[in-house]
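Everything below concerns the one structure shown next.
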Amino acid sequence: MSETILEVRDLHVAYGAIQALKGVSLTVQRGEITTIIGANGAGKSTLLRAISALVRPTRGVIRYETSDITRLPPHRIVQMGIIHVPEGRRIFAEMSVYENLLLGAYSQWGRDLDERLERVFAIFPRLKERLNQRAGTLSGGEQQMLAIGRALMARPRLLMLDEPSLGLAPFLVREIFQIIRQINQQGVPILLVEQNAHMALEIAHRGYVLETGRMVLTDTAANLLRNPAVREAYLGG
């Protein structure tokens, strides 16, 4: 039986008078990839930001392992092992690849730093080749690899990825999704927000469909791929 590592229950988030999330609930199981699909503006990024404490819910509960983390500050969320790779990568463009990676380790500084770097390089050999290169001069795909590599330096116990394929060429999208699957196979549970619904459901164990701030459907990823309504709305029929 799967073990729940993250539970979101009846979560409401508002930006002023605009209700971005309206009673959202979901669970993430240990060792699995859980994906959230939905159109632009559905509230997918807001949900990840609420879990990371970058926005505050007006109602609801977020539980991580055995702890209620709903009101914790962002740095405590990171220290607990919930690591968020935001949409748009948010790398430090003027700093080197190496410096960006080290910044990812700030909350988990220790003697195994070199070992963690080598693990990142095993997944992203191109980062090792460009270690002293300014991050802003990397290609879009390499910047996404750096953003994920920086997150891995924090030793995530739950990795949240927001639109990792955004703006990438199709061959790079396939590569990024293969890497996401590889990270998960190494034991890291992943909560994935992604507009490329087909690719997301191909690698996920379970999926949720979010529409205008409400969860309207949840099932195994395989079943969602076969669901006629999902195919019509998100998979091009």
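Residue numbering restarts at 1 for every chain of the structure tokens, chains are lettered A, B, ... in their displayed order, and ligands are numbered from 1 as they appear.
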**Item:** Residues flagged helix (DSSP H, G or I) by DSSP in stretch 56-224 of chain A, as number ranges by chain
**Value:** A: 74-79, 97-104, 106-108, 113-123, 125-129, 135-137, 140-152, 170-185, 197-203, 221-224
**Message:** For stretch 65-81 of chain A, find every residue with an atom within 6 Å (counting only C-alpha atoms), except residues of its own chain fewer than 5 positions away, and show them as a PyMOL selection string.
**Reply:** chain A and resi 5+52-53+107+156-157
**Request:** Kindly indicate which residue among A:Thr35, A:Arg56, A:Arg134, A:Leu101 lies nearest to A:Ile203, using only C-alpha atoms for the distances.
**Result:** A:Thr35
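Comparing the minimum interatomic distances between A:Ala204 and each of A:Gln19, A:Leu127, A:Gly31, A:Val8, counting only C-alpha atoms, we find that A:Gly31 sits nearest.
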**Asked** Can you tell me, as a list in words, what residues are no more than 10 Å from A:Phe92 when counting only C-alpha atoms, ignoring any on the same chain fewer than 4 positions away?
**Response**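 Everything that qualifies: Ser96, Val97, Glu99, Asn100, Leu103, Arg134, Ala135, Gly136, Gln143 and Ala147 of chain A.
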**Request:** Excluding A:Ile33 and residues on its chain fewer than 5 positions from it, collect all residues at most 9 Å away from it, counting only C-alpha atoms, and give them as a ChimeraX atom specification.
**Result:** /A:28,180-181,184,188-192,203-207
**Message:** With distances taken over only C-alpha atoms, which residue among A:Ala221, A:Ala169, A:Ala229, A:Leu210 lies nearest A:Ile36?
**Reply:**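 With only C-alpha atoms as the atom set, the closest residue is A:Leu210.
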**Message:** With distances taken over only C-alpha atoms, which residue among A:Asp10, A:Glu232, A:Asp219, A:Glu163 lies nearest A:Asn40?
**Reply:**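 Using only C-alpha atoms, A:Asn40 sits closest to A:Glu163.
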